[in-house]
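Below: the structure, in structure tokens.
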Amino acid sequence: MSNKDYKELKKGFEAFKQHCSSQINSLQDRISKLEQKAESRNLSSGESLESFVEKLSPENHQQCATAIGYYYDRKQGEEFTFKDIEQGFLESRWKKYSNMSMLKSKLINEKEWFMESGEDQEGNVVYKLTKEGINFVEVELKK
């Protein structure tokens with residue numbers, strides 16, 4: 001191997017090493033943010049999602065999803081994704097709805113309880129409750 005080839009190989013290796021280091025730092029930042037988000041969901045409201053949903057006694061998946069959305073939106077002060085709603089079903093010990101896209105359509109288009117609010121860092125659509133959704137939980141479910 002010539003000296004020139006060695007220098008080119010070393011230069012390529014250094015670039016690769018820098019790229020890997022950058023990717024590791026990016027992943028560490030994402031992990032830290034996700035850990036902070038998980039921690040805030042567990043501590044900020046003082047009430048678990050499971051006990052909040054249980055207290056409201058929703059009668060169906062639409063009502064349960066809206067209660068979960070309310071918990072994230074109003075109690076945690078965070079927008080949420082439908083992955084959060086799916087996880088919320090598990091945390092509140094409800095069976096996951098069999099057709100999440102249909103549930104999403106019903107909550108956004110028919111009931112008008114959820115509205116799109118933008119995208120998160122991973123490109124997932126985030127939602128928040130509409131006034132109608134907030135009113136449903138605060139008036140109908142909290143009876």
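Letters A, B, ... go to the chains of the structure tokens in the order shown; residues in each chain start at 1; ligands are counted from 1 in the same order.
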Residue contacts of Asn124 of chain A (7 Å, only C-alpha atoms) excluding same-chain residues fewer than 3 positions away, as a PyMOL selection string | chain A and resi 81+119-120
Include C-alpha atoms and write out the residues we just selected as a CSV table (one decimal), in the first residue's frame.
chain,number,residue,atom,x,y,z
A,81,THR,CA,-49.8,10.9,18.8
A,119,GLU,CA,-45.8,16.9,13.8
A,120,ASP,CA,-43.3,15.6,16.3
Residue neighbourhood segment 95-98 of chain A, 7 Å, only C-alpha atoms, exclusion window fewer than 2 positions, as a PyMOL selection string = chain A and resi 61+86+89-90+93+100
Skipping near chain neighbours, those fewer than 6 positions away, what residues fall within 10 Å of Lys143 of chain A using only C-alpha atoms, listed as a PyMOL selection string?
-> chain A and resi 56-57+137
Please identify all polymer residues within 8 Å of Leu49 of chain A, counting only C-alpha atoms, omitting same-chain residues fewer than 4 positions from it, and present them as a VMD selection string.
-> chain A and resid 53 68 71 88 91 to 92
Would you mind reading off the distance between atom CA of Asn99 of chain A and atom CA of Glu138 of chain A, one decimal, in Å?
->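 Separating atom CA of Asn99 of chain A from atom CA of Glu138 of chain A is a distance of 26.3 Å.
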Which residues come within 12 Å of Lys106 of chain A, counting only C-alpha atoms, excluding same-chain residues fewer than 4 positions away, as a PyMOL selection string?
-> chain A and resi 61-63+65-66+99-102+110-115
Could you pull out the residues in chain A that DSSP calls strand (DSSP E or B) from the backbone, as a list of chain:residue names?
->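 The strand (DSSP E or B) residues within chain A come out as A:Phe80, A:Phe114, A:Met115, A:Glu116, A:Ser117, A:Gly118, A:Glu119, A:Val125, A:Val126, A:Tyr127, A:Lys128, A:Leu129.
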Generate a file of the selected residues that holds N, CA and C atoms, formatted as a compact mmCIF listing (two decimals), in the first residue's frame.
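Contents of the output file result.txt:
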# COMPACT_ATOMS: atom_id res chain seq x y z
N PHE A 80 -50.18 14.77 21.68
CA PHE A 80 -50.03 13.31 21.68
C PHE A 80 -50.20 12.77 20.28
N PHE A 114 -60.84 15.37 18.52
CA PHE A 114 -59.40 15.53 18.35
C PHE A 114 -59.15 16.44 17.15
N MET A 115 -58.03 17.14 17.19
CA MET A 115 -57.61 17.93 16.02
C MET A 115 -56.10 17.81 15.85
N GLU A 116 -55.67 17.85 14.58
CA GLU A 116 -54.24 17.80 14.31
C GLU A 116 -53.60 19.10 14.80
N SER A 117 -52.36 18.95 15.29
CA SER A 117 -51.68 20.10 15.86
C SER A 117 -50.27 20.28 15.33
N GLY A 118 -49.85 19.45 14.39
CA GLY A 118 -48.50 19.54 13.84
C GLY A 118 -47.87 18.18 13.75
N GLU A 119 -46.52 18.15 13.84
CA GLU A 119 -45.77 16.91 13.78
C GLU A 119 -44.70 16.91 14.86
N VAL A 125 -47.86 12.73 13.18
CA VAL A 125 -48.83 13.78 13.43
C VAL A 125 -49.16 13.80 14.92
N VAL A 126 -49.17 15.00 15.50
CA VAL A 126 -49.56 15.15 16.90
C VAL A 126 -50.93 15.80 16.96
N TYR A 127 -51.64 15.49 18.03
CA TYR A 127 -53.02 15.93 18.21
C TYR A 127 -53.19 16.62 19.55
N LYS A 128 -54.29 17.35 19.65
CA LYS A 128 -54.75 17.86 20.92
C LYS A 128 -56.27 17.80 20.88
N LEU A 129 -56.90 17.94 22.03
CA LEU A 129 -58.35 17.88 22.09
C LEU A 129 -58.95 19.20 21.60
Å distance separating atom CA of Glu122 of chain A from atom CA of Arg30 of chain A, one decimal place | 10.0 Å
Run DSSP on the backbone of this structure and report the residues of segment 3-135 of chain A it assigns to alpha helix (DSSP H), as a PyMOL selection string.
-> chain A and resi 3-43+49-56+61-70+82-91+100-105+131-135
